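> Data: entry35.cif, mmCIF, N, CA and C atoms.
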```cif
data_run
loop_
_atom_site.label_atom_id
_atom_site.label_comp_id
_atom_site.auth_asym_id
_atom_site.auth_seq_id
_atom_site.Cartn_x
_atom_site.Cartn_y
_atom_site.Cartn_z
N MET Y 1 57.49 -69.38 47.54
CA MET Y 1 57.84 -68.01 47.34
C MET Y 1 56.57 -67.18 47.23
N ASP Y 2 56.47 -66.13 48.02
CA ASP Y 2 55.29 -65.29 48.07
C ASP Y 2 55.46 -64.12 47.11
N ARG Y 3 54.58 -63.99 46.12
CA ARG Y 3 54.66 -62.91 45.15
C ARG Y 3 53.65 -61.84 45.50
N GLU Y 4 54.07 -60.59 45.40
CA GLU Y 4 53.21 -59.46 45.69
C GLU Y 4 52.32 -59.18 44.49
N THR Y 5 51.00 -59.06 44.73
CA THR Y 5 50.08 -58.78 43.64
C THR Y 5 50.03 -57.29 43.38
N LYS Y 6 49.47 -56.92 42.24
CA LYS Y 6 49.38 -55.51 41.86
C LYS Y 6 48.53 -54.73 42.87
N SER Y 7 47.44 -55.31 43.37
CA SER Y 7 46.60 -54.61 44.34
C SER Y 7 47.32 -54.39 45.65
N GLU Y 8 48.20 -55.34 46.07
CA GLU Y 8 48.99 -55.14 47.27
C GLU Y 8 50.00 -54.02 47.06
N LYS Y 9 50.58 -53.94 45.88
CA LYS Y 9 51.55 -52.91 45.57
C LYS Y 9 50.89 -51.53 45.60
N GLN Y 10 49.66 -51.42 45.12
CA GLN Y 10 48.96 -50.16 45.12
C GLN Y 10 48.59 -49.72 46.53
N ALA Y 11 48.61 -50.62 47.50
CA ALA Y 11 48.27 -50.29 48.87
C ALA Y 11 49.43 -49.64 49.60
N LEU Y 12 50.60 -49.52 48.96
CA LEU Y 12 51.74 -48.88 49.59
C LEU Y 12 51.40 -47.43 49.94
N PRO Y 13 51.80 -46.95 51.12
CA PRO Y 13 51.54 -45.56 51.47
C PRO Y 13 52.36 -44.61 50.59
N HIS Y 14 51.79 -43.47 50.29
CA HIS Y 14 52.47 -42.49 49.44
C HIS Y 14 52.90 -41.30 50.29
N ASP Y 15 54.19 -41.06 50.32
CA ASP Y 15 54.76 -39.91 51.02
C ASP Y 15 55.72 -39.21 50.09
N LEU Y 16 55.89 -37.90 50.32
CA LEU Y 16 56.80 -37.11 49.52
C LEU Y 16 57.58 -36.20 50.46
N SER Y 17 58.89 -36.17 50.30
CA SER Y 17 59.75 -35.33 51.13
C SER Y 17 60.68 -34.54 50.22
N LEU Y 18 60.77 -33.23 50.44
CA LEU Y 18 61.62 -32.37 49.62
C LEU Y 18 62.54 -31.57 50.53
N GLN Y 19 63.84 -31.59 50.25
CA GLN Y 19 64.82 -30.85 51.04
C GLN Y 19 65.52 -29.83 50.15
N ASP Y 20 65.38 -28.55 50.50
CA ASP Y 20 66.09 -27.46 49.81
C ASP Y 20 65.91 -27.45 48.29
N ARG Y 21 64.80 -28.00 47.81
CA ARG Y 21 64.52 -28.09 46.37
C ARG Y 21 65.63 -28.80 45.60
N LYS Y 22 66.44 -29.61 46.32
CA LYS Y 22 67.55 -30.32 45.69
C LYS Y 22 67.48 -31.83 45.89
N LYS Y 23 66.79 -32.29 46.93
CA LYS Y 23 66.69 -33.72 47.22
C LYS Y 23 65.24 -34.07 47.47
N MET Y 24 64.77 -35.14 46.83
CA MET Y 24 63.40 -35.57 46.99
C MET Y 24 63.35 -37.06 47.23
N ALA Y 25 62.49 -37.45 48.16
CA ALA Y 25 62.23 -38.86 48.42
C ALA Y 25 60.74 -39.09 48.24
N VAL Y 26 60.38 -40.12 47.50
CA VAL Y 26 58.97 -40.44 47.23
C VAL Y 26 58.75 -41.91 47.54
N SER Y 27 57.67 -42.20 48.27
CA SER Y 27 57.28 -43.59 48.49
C SER Y 27 55.92 -43.82 47.84
N GLY Y 28 55.54 -45.07 47.67
CA GLY Y 28 54.29 -45.40 46.99
C GLY Y 28 54.43 -45.35 45.49
N VAL Y 29 55.65 -45.54 44.98
CA VAL Y 29 55.93 -45.49 43.54
C VAL Y 29 55.63 -46.86 42.93
N ASN Y 30 54.79 -46.86 41.90
CA ASN Y 30 54.47 -48.09 41.17
C ASN Y 30 55.32 -48.27 39.91
N GLU Y 31 55.65 -47.13 39.26
CA GLU Y 31 56.34 -47.20 37.97
C GLU Y 31 56.92 -45.84 37.62
N VAL Y 32 58.08 -45.82 36.98
CA VAL Y 32 58.62 -44.60 36.40
C VAL Y 32 58.16 -44.60 34.95
N VAL Y 33 57.30 -43.65 34.61
CA VAL Y 33 56.69 -43.58 33.28
C VAL Y 33 57.64 -42.96 32.28
N ASN Y 34 58.32 -41.88 32.68
CA ASN Y 34 59.19 -41.14 31.77
C ASN Y 34 60.26 -40.44 32.61
N PHE Y 35 61.46 -40.33 32.05
CA PHE Y 35 62.53 -39.67 32.78
C PHE Y 35 63.52 -39.03 31.82
N ASP Y 36 63.88 -37.78 32.10
CA ASP Y 36 65.04 -37.14 31.48
C ASP Y 36 65.55 -36.10 32.47
N GLU Y 37 66.55 -35.34 32.11
CA GLU Y 37 67.16 -34.43 33.09
C GLU Y 37 66.27 -33.23 33.44
N ASN Y 38 65.18 -33.03 32.71
CA ASN Y 38 64.28 -31.90 32.97
C ASN Y 38 62.92 -32.31 33.53
N GLN Y 39 62.57 -33.59 33.45
CA GLN Y 39 61.25 -34.04 33.92
C GLN Y 39 61.27 -35.51 34.29
N VAL Y 40 60.61 -35.82 35.40
CA VAL Y 40 60.42 -37.20 35.82
C VAL Y 40 58.93 -37.41 36.02
N MET Y 41 58.36 -38.43 35.40
CA MET Y 41 56.94 -38.74 35.53
C MET Y 41 56.83 -40.11 36.19
N ILE Y 42 56.12 -40.15 37.33
CA ILE Y 42 56.04 -41.35 38.15
C ILE Y 42 54.59 -41.72 38.39
N ALA Y 43 54.24 -42.99 38.22
CA ALA Y 43 52.92 -43.49 38.60
C ALA Y 43 53.02 -43.87 40.08
N THR Y 44 52.20 -43.23 40.91
CA THR Y 44 52.18 -43.52 42.35
C THR Y 44 50.81 -44.05 42.75
N THR Y 45 50.69 -44.45 43.99
CA THR Y 45 49.42 -44.94 44.50
C THR Y 45 48.38 -43.83 44.61
N MET Y 46 48.82 -42.55 44.50
CA MET Y 46 47.91 -41.42 44.60
C MET Y 46 47.76 -40.67 43.28
N GLY Y 47 48.19 -41.26 42.18
CA GLY Y 47 48.08 -40.63 40.87
C GLY Y 47 49.46 -40.43 40.25
N THR Y 48 49.47 -39.83 39.07
CA THR Y 48 50.72 -39.58 38.35
C THR Y 48 51.37 -38.33 38.91
N LEU Y 49 52.63 -38.45 39.28
CA LEU Y 49 53.40 -37.35 39.84
C LEU Y 49 54.40 -36.89 38.79
N ILE Y 50 54.39 -35.58 38.49
CA ILE Y 50 55.30 -35.01 37.51
C ILE Y 50 56.22 -34.04 38.24
N ILE Y 51 57.52 -34.26 38.10
CA ILE Y 51 58.53 -33.41 38.73
C ILE Y 51 59.33 -32.77 37.61
N ARG Y 52 59.41 -31.43 37.63
CA ARG Y 52 60.16 -30.71 36.60
C ARG Y 52 61.28 -29.93 37.25
N GLY Y 53 62.38 -29.78 36.52
CA GLY Y 53 63.52 -29.03 37.03
C GLY Y 53 64.69 -29.14 36.08
N ASN Y 54 65.90 -29.04 36.63
CA ASN Y 54 67.12 -29.10 35.84
C ASN Y 54 68.09 -30.09 36.48
N SER Y 55 68.84 -30.77 35.66
CA SER Y 55 69.85 -31.74 36.10
C SER Y 55 69.27 -32.77 37.06
N LEU Y 56 68.05 -33.24 36.76
CA LEU Y 56 67.41 -34.25 37.61
C LEU Y 56 68.09 -35.60 37.42
N HIS Y 57 68.29 -36.29 38.54
CA HIS Y 57 68.97 -37.57 38.52
C HIS Y 57 68.31 -38.50 39.53
N VAL Y 58 67.95 -39.69 39.09
CA VAL Y 58 67.39 -40.69 40.00
C VAL Y 58 68.56 -41.37 40.70
N ASP Y 59 68.68 -41.13 42.00
CA ASP Y 59 69.77 -41.72 42.78
C ASP Y 59 69.45 -43.14 43.20
N GLN Y 60 68.18 -43.39 43.52
CA GLN Y 60 67.77 -44.72 43.98
C GLN Y 60 66.35 -44.99 43.53
N LEU Y 61 66.11 -46.19 43.06
CA LEU Y 61 64.77 -46.62 42.67
C LEU Y 61 64.59 -48.07 43.06
N SER Y 62 63.54 -48.33 43.84
CA SER Y 62 63.19 -49.69 44.20
C SER Y 62 61.69 -49.85 44.02
N LEU Y 63 61.30 -50.52 42.96
CA LEU Y 63 59.87 -50.74 42.73
C LEU Y 63 59.32 -51.79 43.68
N ASP Y 64 60.18 -52.65 44.21
CA ASP Y 64 59.73 -53.64 45.19
C ASP Y 64 59.22 -52.96 46.47
N SER Y 65 59.96 -51.97 46.95
CA SER Y 65 59.53 -51.24 48.15
C SER Y 65 58.76 -49.97 47.80
N GLY Y 66 58.72 -49.58 46.50
CA GLY Y 66 57.99 -48.40 46.06
C GLY Y 66 58.66 -47.09 46.42
N GLU Y 67 60.00 -47.08 46.49
CA GLU Y 67 60.73 -45.88 46.90
C GLU Y 67 61.61 -45.35 45.79
N LEU Y 68 61.68 -44.02 45.71
CA LEU Y 68 62.50 -43.33 44.73
C LEU Y 68 63.19 -42.15 45.41
N ARG Y 69 64.47 -41.95 45.10
CA ARG Y 69 65.22 -40.78 45.59
C ARG Y 69 65.75 -40.06 44.37
N LEU Y 70 65.58 -38.74 44.37
CA LEU Y 70 65.88 -37.90 43.23
C LEU Y 70 66.69 -36.70 43.68
N THR Y 71 67.69 -36.28 42.89
CA THR Y 71 68.44 -35.06 43.18
C THR Y 71 68.46 -34.18 41.94
N GLY Y 72 68.75 -32.90 42.14
CA GLY Y 72 68.80 -31.91 41.07
C GLY Y 72 68.04 -30.67 41.49
N ARG Y 73 67.88 -29.73 40.60
CA ARG Y 73 67.12 -28.51 40.88
C ARG Y 73 65.65 -28.80 40.59
N ILE Y 74 64.82 -28.84 41.64
CA ILE Y 74 63.40 -29.17 41.50
C ILE Y 74 62.60 -27.88 41.47
N ASP Y 75 61.92 -27.62 40.36
CA ASP Y 75 61.15 -26.40 40.17
C ASP Y 75 59.65 -26.60 40.35
N THR Y 76 59.14 -27.75 39.92
CA THR Y 76 57.69 -27.98 39.93
C THR Y 76 57.38 -29.41 40.36
N ILE Y 77 56.38 -29.53 41.23
CA ILE Y 77 55.85 -30.84 41.62
C ILE Y 77 54.35 -30.78 41.34
N GLU Y 78 53.87 -31.69 40.52
CA GLU Y 78 52.46 -31.64 40.08
C GLU Y 78 51.88 -33.04 40.02
N TYR Y 79 50.64 -33.17 40.46
CA TYR Y 79 49.90 -34.43 40.31
C TYR Y 79 48.96 -34.29 39.14
N ASP Y 80 48.92 -35.30 38.29
CA ASP Y 80 48.02 -35.33 37.14
C ASP Y 80 46.99 -36.44 37.38
N ASP Y 81 45.77 -36.05 37.70
CA ASP Y 81 44.71 -37.01 37.95
C ASP Y 81 43.79 -37.17 36.75
N SER Y 82 44.22 -36.68 35.57
CA SER Y 82 43.34 -36.72 34.40
C SER Y 82 43.01 -38.13 33.96
N THR Y 83 43.82 -39.10 34.34
CA THR Y 83 43.53 -40.49 33.97
C THR Y 83 42.59 -41.14 34.97
N ALA Y 84 42.37 -40.50 36.10
CA ALA Y 84 41.45 -41.04 37.11
C ALA Y 84 40.01 -40.75 36.70
N ALA Y 85 39.06 -41.46 37.29
CA ALA Y 85 37.65 -41.24 36.99
C ALA Y 85 37.27 -39.80 37.32
N GLY Y 86 36.59 -39.14 36.41
CA GLY Y 86 36.16 -37.76 36.64
C GLY Y 86 37.15 -36.74 36.12
N GLY Y 87 38.35 -37.13 35.77
CA GLY Y 87 39.34 -36.22 35.25
C GLY Y 87 40.00 -35.41 36.33
N GLY Y 88 40.87 -34.50 35.91
CA GLY Y 88 41.60 -33.65 36.84
C GLY Y 88 40.78 -32.50 37.36
N PHE Y 89 41.33 -31.78 38.32
CA PHE Y 89 40.65 -30.65 38.96
C PHE Y 89 40.28 -29.58 37.94
N LEU Y 90 41.23 -29.15 37.09
CA LEU Y 90 40.93 -28.11 36.11
C LEU Y 90 39.89 -28.55 35.09
N ARG Y 91 39.95 -29.83 34.69
CA ARG Y 91 38.96 -30.34 33.75
C ARG Y 91 37.56 -30.26 34.34
N ARG Y 92 37.42 -30.64 35.61
CA ARG Y 92 36.11 -30.58 36.27
C ARG Y 92 35.68 -29.13 36.48
N LEU Y 93 36.63 -28.24 36.75
CA LEU Y 93 36.32 -26.83 36.99
C LEU Y 93 35.74 -26.15 35.76
N PHE Y 94 36.27 -26.47 34.58
CA PHE Y 94 35.85 -25.80 33.35
C PHE Y 94 34.77 -26.53 32.57
N GLN Y 95 34.17 -27.56 33.14
CA GLN Y 95 33.09 -28.26 32.44
C GLN Y 95 31.79 -27.52 32.59
#
```
Could you rewrite the structure in this file as structure tokens?

Amino acid sequence: MDRETKSEKQALPHDLSLQDRKKMAVSGVNEVVNFDENQVMIATTMGTLIIRGNSLHVDQLSLDSGELRLTGRIDTIEYDDSTAAGGGFLRRLFQ
């Protein structure tokens, strides 16, 4: 049985698709960090992705393939790179 290593999982391509601010598909998902009906925080291969809105619902999640499908009213999509080396864009801007 062939087991996927963490480094192979991080090599998954990261794509994001949004339809009418109501349906979102994300690939390259490593972990769902936090979830409630107003915010979803996802660790992806390109950093932490934060999605804010109302009545958010995870319709499909497969960590094996790194795919997530989300529905609800999507108001904000934000990447948080503050945990990456060098910090986030705003942190570097104001130093």
> For the interface of stretch 3-54 of chain Y with stretch 59-65 of chain Y (cut-off 6 Å, counting all atoms listed in the file), please tabulate each contacting residue of stretch 3-54 of chain Y alongside its nearest pair of atoms and their separation in Å to one decimal, rows sorted by chain and increasing number, as CSV.

```
residue,atom,partner,partner_atom,distance
Y:Gly28,N,Y:Ser65,C,5.9
Y:Val29,C,Y:Leu63,CA,5.8
Y:Asn30,C,Y:Leu63,CA,5.9
```
> Name the residues captured by the PyMOL selection byres ((chain Y and resi 76) around 6.5) when it is applied to the shown file; answer as a compact mmCIF listing (two decimals) with N, CA and C atoms, in the frame of the given file.

```txt
# COMPACT_ATOMS: atom_id res chain seq x y z
N ILE Y 50 54.39 -35.58 38.49
CA ILE Y 50 55.30 -35.01 37.51
C ILE Y 50 56.22 -34.04 38.24
N ILE Y 51 57.52 -34.26 38.10
CA ILE Y 51 58.53 -33.41 38.73
C ILE Y 51 59.33 -32.77 37.61
N ARG Y 52 59.41 -31.43 37.63
CA ARG Y 52 60.16 -30.71 36.60
C ARG Y 52 61.28 -29.93 37.25
N GLY Y 53 62.38 -29.78 36.52
CA GLY Y 53 63.52 -29.03 37.03
C GLY Y 53 64.69 -29.14 36.08
N ILE Y 74 64.82 -28.84 41.64
CA ILE Y 74 63.40 -29.17 41.50
C ILE Y 74 62.60 -27.88 41.47
N ASP Y 75 61.92 -27.62 40.36
CA ASP Y 75 61.15 -26.40 40.17
C ASP Y 75 59.65 -26.60 40.35
N ILE Y 77 56.38 -29.53 41.23
CA ILE Y 77 55.85 -30.84 41.62
C ILE Y 77 54.35 -30.78 41.34
N GLU Y 78 53.87 -31.69 40.52
CA GLU Y 78 52.46 -31.64 40.08
C GLU Y 78 51.88 -33.04 40.02
```
> If I take atom N of Y:Val58 and atom C of Y:Gln39, how far is one from the other in Å, to one decimal?
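Separation of atom N of Y:Val58 and atom C of Y:Gln39: 9.2 Å.
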> List the spatial neighbours of Y:Asp15 as a PDB file with N, CA and C atoms, in the coordinates of the input - criterion: any atom at most 6.5 Å away, all atoms listed in the file, same-chain residues fewer than 6 positions off excluded.

```pdb
ATOM      1  N   ALA Y  25      62.490 -37.450  48.160  1.00  0.00           N
ATOM      2  CA  ALA Y  25      62.230 -38.860  48.420  1.00  0.00           C
ATOM      3  C   ALA Y  25      60.740 -39.090  48.240  1.00  0.00           C
ATOM      4  N   VAL Y  26      60.380 -40.120  47.500  1.00  0.00           N
ATOM      5  CA  VAL Y  26      58.970 -40.440  47.230  1.00  0.00           C
ATOM      6  C   VAL Y  26      58.750 -41.910  47.540  1.00  0.00           C
ATOM      7  N   SER Y  27      57.670 -42.200  48.270  1.00  0.00           N
ATOM      8  CA  SER Y  27      57.280 -43.590  48.490  1.00  0.00           C
ATOM      9  C   SER Y  27      55.920 -43.820  47.840  1.00  0.00           C
ATOM     10  N   GLY Y  28      55.540 -45.070  47.670  1.00  0.00           N
ATOM     11  CA  GLY Y  28      54.290 -45.400  46.990  1.00  0.00           C
ATOM     12  C   GLY Y  28      54.430 -45.350  45.490  1.00  0.00           C
TER      13      GLY Y  28
END
```
> Taking (53.4, -41.9, 37.4) in the file's own coordinates, collect the residues within 9 Å, counting only C-alpha atoms, and hand them back as a list in words.
Val29, Asn30, Glu31, Val32, Val33, Asn34, Val40, Met41, Ile42, Ala43, Thr44, Thr45, Gly47, Thr48, Leu49, Ile50, Tyr79 and Asp80 of chain Y
> I need the output of the PyMOL selection byres ((chain Y and resi 22) around 6.5) for this file as a VMD selection string; which residues are they?
chain Y and resid 18 to 21 23 to 24 70 to 74
> Considering only C-alpha atoms, state which residue in the set Y:Leu16, Y:Leu56, Y:Leu68, Y:Asp81 is at the smallest distance from Y:Asp36.
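Once distances to Y:Asp36 are computed over only C-alpha atoms, the minimum belongs to Y:Leu56.
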> Just give me the gap between atom N of Y:Asn54 and atom N of Y:Glu37 in Å, one decimal is fine.
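Answer for the atom N of Y:Asn54 to atom N of Y:Glu37 separation: 7.8 Å.
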> Distance atom N of Y:Arg69-atom N of Y:Ser55, one decimal place?
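Spanning atom N of Y:Arg69 to atom N of Y:Ser55 is a straight-line distance of 15.3 Å.
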> Can you take the partial stretch 31-42 of chain Y, add all heavy atoms, and return it as a short mmCIF file (atom, residue, chain, number, x, y, z; two decimals), in the coordinates of the input?

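As written to disk, part-v9.cif reads:
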```cif
data_model
loop_
_atom_site.label_atom_id
_atom_site.label_comp_id
_atom_site.auth_asym_id
_atom_site.auth_seq_id
_atom_site.Cartn_x
_atom_site.Cartn_y
_atom_site.Cartn_z
N GLU Y 31 55.65 -47.13 39.26
CA GLU Y 31 56.34 -47.20 37.97
C GLU Y 31 56.92 -45.84 37.62
O GLU Y 31 56.33 -44.81 37.93
CB GLU Y 31 55.31 -47.61 36.90
CG GLU Y 31 55.80 -47.58 35.50
CD GLU Y 31 54.70 -47.86 34.47
OE1 GLU Y 31 53.52 -47.95 34.85
OE2 GLU Y 31 55.05 -47.97 33.30
N VAL Y 32 58.08 -45.82 36.98
CA VAL Y 32 58.62 -44.60 36.40
C VAL Y 32 58.16 -44.60 34.95
O VAL Y 32 58.53 -45.46 34.16
CB VAL Y 32 60.16 -44.54 36.49
CG1 VAL Y 32 60.70 -43.32 35.75
CG2 VAL Y 32 60.61 -44.53 37.94
N VAL Y 33 57.30 -43.65 34.61
CA VAL Y 33 56.69 -43.58 33.28
C VAL Y 33 57.64 -42.96 32.28
O VAL Y 33 57.77 -43.44 31.15
CB VAL Y 33 55.37 -42.79 33.34
CG1 VAL Y 33 54.75 -42.65 31.96
CG2 VAL Y 33 54.40 -43.42 34.32
N ASN Y 34 58.32 -41.88 32.68
CA ASN Y 34 59.19 -41.14 31.77
C ASN Y 34 60.26 -40.44 32.61
O ASN Y 34 59.98 -40.01 33.73
CB ASN Y 34 58.37 -40.12 30.98
CG ASN Y 34 59.16 -39.46 29.87
OD1 ASN Y 34 60.22 -39.93 29.48
ND2 ASN Y 34 58.64 -38.35 29.38
N PHE Y 35 61.46 -40.33 32.05
CA PHE Y 35 62.53 -39.67 32.78
C PHE Y 35 63.52 -39.03 31.82
O PHE Y 35 63.93 -39.64 30.85
CB PHE Y 35 63.27 -40.69 33.66
CG PHE Y 35 64.50 -40.11 34.30
CD1 PHE Y 35 64.40 -39.38 35.45
CD2 PHE Y 35 65.74 -40.30 33.73
CE1 PHE Y 35 65.52 -38.83 36.04
CE2 PHE Y 35 66.88 -39.76 34.31
CZ PHE Y 35 66.77 -39.03 35.47
N ASP Y 36 63.88 -37.78 32.10
CA ASP Y 36 65.04 -37.14 31.48
C ASP Y 36 65.55 -36.10 32.47
O ASP Y 36 65.02 -36.00 33.58
CB ASP Y 36 64.74 -36.55 30.09
CG ASP Y 36 63.71 -35.43 30.08
OD1 ASP Y 36 63.75 -34.58 30.99
OD2 ASP Y 36 62.89 -35.38 29.16
N GLU Y 37 66.55 -35.34 32.11
CA GLU Y 37 67.16 -34.43 33.09
C GLU Y 37 66.27 -33.23 33.44
O GLU Y 37 66.57 -32.52 34.39
CB GLU Y 37 68.53 -33.96 32.62
CG GLU Y 37 68.50 -33.08 31.40
CD GLU Y 37 69.90 -32.59 31.02
OE1 GLU Y 37 70.88 -33.19 31.44
OE2 GLU Y 37 69.96 -31.60 30.28
N ASN Y 38 65.18 -33.03 32.71
CA ASN Y 38 64.28 -31.90 32.97
C ASN Y 38 62.92 -32.31 33.53
O ASN Y 38 62.18 -31.46 34.01
CB ASN Y 38 64.07 -31.08 31.70
CG ASN Y 38 65.36 -30.48 31.21
OD1 ASN Y 38 66.11 -29.89 31.97
ND2 ASN Y 38 65.65 -30.66 29.94
N GLN Y 39 62.57 -33.59 33.45
CA GLN Y 39 61.25 -34.04 33.92
C GLN Y 39 61.27 -35.51 34.29
O GLN Y 39 61.86 -36.32 33.58
CB GLN Y 39 60.20 -33.81 32.84
CG GLN Y 39 58.83 -34.30 33.22
CD GLN Y 39 57.79 -33.97 32.17
OE1 GLN Y 39 57.50 -32.81 31.95
NE2 GLN Y 39 57.25 -34.97 31.51
N VAL Y 40 60.61 -35.82 35.40
CA VAL Y 40 60.42 -37.20 35.82
C VAL Y 40 58.93 -37.41 36.02
O VAL Y 40 58.28 -36.61 36.71
CB VAL Y 40 61.18 -37.51 37.13
CG1 VAL Y 40 60.94 -38.95 37.56
CG2 VAL Y 40 62.66 -37.23 36.98
N MET Y 41 58.36 -38.43 35.40
CA MET Y 41 56.94 -38.74 35.53
C MET Y 41 56.83 -40.11 36.19
O MET Y 41 57.38 -41.08 35.69
CB MET Y 41 56.25 -38.75 34.17
CG MET Y 41 54.75 -38.90 34.25
SD MET Y 41 53.94 -38.88 32.62
CE MET Y 41 54.36 -37.27 32.03
N ILE Y 42 56.12 -40.15 37.33
CA ILE Y 42 56.04 -41.35 38.15
C ILE Y 42 54.59 -41.72 38.39
O ILE Y 42 53.79 -40.87 38.77
CB ILE Y 42 56.71 -41.12 39.52
CG1 ILE Y 42 58.11 -40.56 39.35
CG2 ILE Y 42 56.72 -42.37 40.34
CD1 ILE Y 42 58.66 -39.96 40.63
#
```
